[in-house]
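*Asks:* First the structure, then my questions, so here it is.
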Amino acid sequence: RQLSMHFKKKKMTTMEASKNLAFWNTVAFVTLTVQTAATVLMTRYSRLESTGHNVPKFATTSAVALAEFGKMWVGILLLSYETCVTKASHDPFTTISNQIFGDFWTLLKMAVPACTYAVQNNLLFVALHHLDSSLYQITYQLKIFTAAIFAIVMLNGSYTAKQWLSFALLAVGASLANTSMQTKQNTQVDEDDDRNQLTGIVCILMATVTSGFAGVFMEKQLKGASSLLVRNIQLGMFGFLMSIFNSFIVGDMQTVIIPYGFLHGFTASTWLVVMLNIFGGYLVAFVLKRASNIVKSFAAGLAVILIVFGSYLFFETQFNSLFYVGAILVLTGNGVYQREDYMKKNKPKQPLLPTTKK
């Protein structure tokens, strides 16, 4: 009887822990959705703020570099507090240094997503030059499928037919929601226009591959990490270096940073964008560790709905009826995926030995 009571108590504790985890995962998912939308809208607002005559706006690579630098230092400060106060280490500097730089091979692994995202940003930059906005947005939504394929290959993941259907619903829905607010473009093309649609499509497809690979690779590293703070410090360090390198590639260093200064054009809204990105970095890490890169993709898809609606409210950007269709598809896709994921996790286990009926 005591043994039975013990098992019942243990089962109740496990159920409570599972409910707690599900609650915080939901909170993180909703927060990430709102944070993604807020970052995009605030970035757009900061770019619309007027500067002096013939003076360029702030360099986006400066804002990204500062966010990565801030993410690194927030992690260092929190890790220092944890080491000095919580664990009461007698030699905190050595302890922190060993955690960050002790395993050199693991440290180098964190350079992979930073480098991959830098390549991805350049591919997107080239693709946007060669493609119109609608084709760009529609093709880029294929990243959900590349993320799923890399999850199968690298994490031994598996998805049901309904979950693949949910990926298609998300991709189509996000594409429709994005294109619903595209402004009309001039269809006339100058004779000296150097746009090449094939180049643009190749670049955008390569960007979907790098996006899927980087997300799943980072998920793999974070799931095996004992400390999210250490991984974020390492990611921030390499991200900062790659942002500086990227500023040379896209031309921000030559046209804005060197002539006008690293913080040229920064306003209160720009600093808010930087802080949102720092917060988002830790939020993404939490979601990748606790859930998956696919869940992050669904949060980004839901954020598109908020972005379109926010653009209408704050910037008076008009959208057509495609938005409603896209929103329904995104919400339906999210519901289908979450339901299937819940069913897979709570599927009753088969007994090791077959039971015989009397």
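The way I read the labels, and the way they are meant: chains A, B, ... in the order of the structure tokens, residue 1 as the first residue of every chain, and ligand 1 as the first ligand shown, with later ones counted on from there.
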If DSSP is run on the backbone, what residues of segment 171-315 of chain A are alpha helix (DSSP H)? A reply as JSON, numbers by chain would be ideal.

*Replies:* {"A": [171, 172, 173, 174, 175, 176, 177, 178, 179, 197, 198, 199, 200, 201, 202, 203, 204, 205, 206, 207, 208, 209, 210, 211, 212, 213, 214, 215, 216, 217, 218, 219, 220, 221, 222, 223, 228, 229, 230, 231, 232, 233, 234, 235, 236, 237, 238, 239, 240, 241, 242, 243, 244, 245, 246, 247, 248, 249, 250, 252, 258, 259, 260, 268, 269, 270, 271, 272, 273, 274, 275, 276, 277, 278, 279, 280, 281, 282, 283, 284, 285, 286, 287, 288, 289, 290, 293, 294, 295, 296, 297, 298, 299, 300, 301, 302, 303, 304, 305, 306, 307, 308, 309, 310, 311, 312, 313, 314, 315]}

*Asks:* Do a neighbour search on Met110 of chain A at 8 Å with only C-alpha atoms, toss out local chain neighbours closer than 2 positions, and write the hits as a list in words.

*Replies:*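 Residues near the query, excluding close chain neighbours: Thr106, Leu107, Leu108, Val112, Pro113, Ala114, Met218, Gln221, Arg231, Gln234, Leu235 and Phe238 of chain A.
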
*Asks:* If you measure from atom CA of Phe319 of chain A to atom CA of Ala38 of chain A, what distance in Å do you get, rounded to one decimal?

*Replies:*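 Separation between atom CA of Phe319 of chain A and atom CA of Ala38 of chain A: 18.7 Å.
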
*Asks:* Could you check the closest approach to Ala327 of chain A for each of A:Leu272, A:Leu170, A:Ile201, A:Val216 and tell me which residue wins, using only C-alpha atoms?

*Replies:* A:Leu170

*Asks:* Quick one: everything within 12 Å of Glu340 of chain A, counting only C-alpha atoms, minus sequence neighbours fewer than 6 positions away in the same chain. Send it as a VMD selection string.

*Replies:* chain A and resid 158 to 166 333 to 334 346 to 347

*Asks:* Kindly indicate which residue among A:Met343, A:Ile152, A:Val64, A:Met181 lies nearest to Asn320 of chain A, using only C-alpha atoms for the distances.

*Replies:*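 Checking each of A:Met343, A:Ile152, A:Val64, A:Met181 against Asn320 of chain A, counting only C-alpha atoms, the winner is A:Met181.
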
*Asks:* From the set A:Ser321, A:Asn196, A:Asn293, A:Ser89, which residue has the shortest atom-to-atom contact distance to Leu131 of chain A, counting only C-alpha atoms?

*Replies:*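 Among the listed residues, A:Asn196 lies closest to Leu131 of chain A.
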
*Asks:* List as a list in words the protein and nucleic acid residues near Lys296 of chain A, meaning an atom at most 9 Å away when only C-alpha atoms are counted, but skip any in the same chain fewer than 3 places from it.

*Replies:*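 Counting only the stated atoms, we get Phe29, Leu32, Thr33, Val284, Val287, Leu288, Ala291, Ser292, Asn293, Ala299, Ala300 and Gly301 of chain A.
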
*Asks:* Include C-alpha atoms and write out the residues we just selected as a compact mmCIF listing (two decimals), in the first residue's frame.

*Replies:*
```
# COMPACT_ATOMS: atom_id res chain seq x y z
CA PHE A 29 6.08 30.92 -27.80
CA LEU A 32 8.59 35.25 -29.16
CA THR A 33 5.75 35.90 -31.60
CA VAL A 284 15.03 32.13 -29.31
CA VAL A 287 12.57 28.07 -27.47
CA LEU A 288 15.21 26.08 -29.38
CA ALA A 291 10.97 23.10 -28.06
CA SER A 292 12.40 23.13 -31.60
CA ASN A 293 13.38 25.21 -34.62
CA ALA A 299 6.14 31.82 -34.11
CA ALA A 300 7.67 33.75 -37.04
CA GLY A 301 4.66 32.81 -39.20
```

*Asks:* Could you pull the residues within 10 Å of Leu198 of chain A, counting only C-alpha atoms, minus those fewer than 5 positions along the same chain, as a list in words?

*Replies:*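 In the requested format, the answer is Ala127, His130, Leu131, Cys203 and Ile204 of chain A.
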
*Asks:* Print the selection's residues with all heavy atoms to a file, as a compact mmCIF listing (two decimals), in the first residue's frame.

*Replies:*
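The result, written out as selection-v4.txt:
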```txt
# COMPACT_ATOMS: atom_id res chain seq x y z
N ALA A 127 19.34 38.45 -53.43
CA ALA A 127 18.05 37.98 -53.94
C ALA A 127 17.04 39.10 -54.05
O ALA A 127 16.30 39.21 -55.04
CB ALA A 127 17.52 36.87 -53.04
N HIS A 130 17.49 41.14 -57.16
CA HIS A 130 17.15 40.52 -58.45
C HIS A 130 15.69 40.11 -58.57
O HIS A 130 15.23 39.82 -59.68
CB HIS A 130 18.04 39.29 -58.68
CG HIS A 130 19.47 39.63 -58.97
ND1 HIS A 130 19.90 40.12 -60.18
CD2 HIS A 130 20.58 39.56 -58.19
CE1 HIS A 130 21.21 40.32 -60.15
NE2 HIS A 130 21.64 40.00 -58.95
N LEU A 131 14.96 40.03 -57.45
CA LEU A 131 13.57 39.58 -57.48
C LEU A 131 12.63 40.67 -57.02
O LEU A 131 13.01 41.55 -56.24
CB LEU A 131 13.39 38.35 -56.57
CG LEU A 131 14.22 37.10 -56.88
CD1 LEU A 131 13.98 36.06 -55.80
CD2 LEU A 131 13.85 36.53 -58.24
N CYS A 203 19.77 32.40 -55.28
CA CYS A 203 20.19 32.99 -53.99
C CYS A 203 19.15 32.78 -52.90
O CYS A 203 19.49 32.44 -51.77
CB CYS A 203 20.48 34.48 -54.17
SG CYS A 203 22.01 34.83 -55.02
N ILE A 204 17.88 32.96 -53.25
CA ILE A 204 16.84 32.82 -52.23
C ILE A 204 16.68 31.35 -51.81
O ILE A 204 16.44 31.05 -50.63
CB ILE A 204 15.48 33.40 -52.73
CG1 ILE A 204 14.52 33.64 -51.55
CG2 ILE A 204 14.81 32.52 -53.75
CD1 ILE A 204 14.90 34.76 -50.66
```
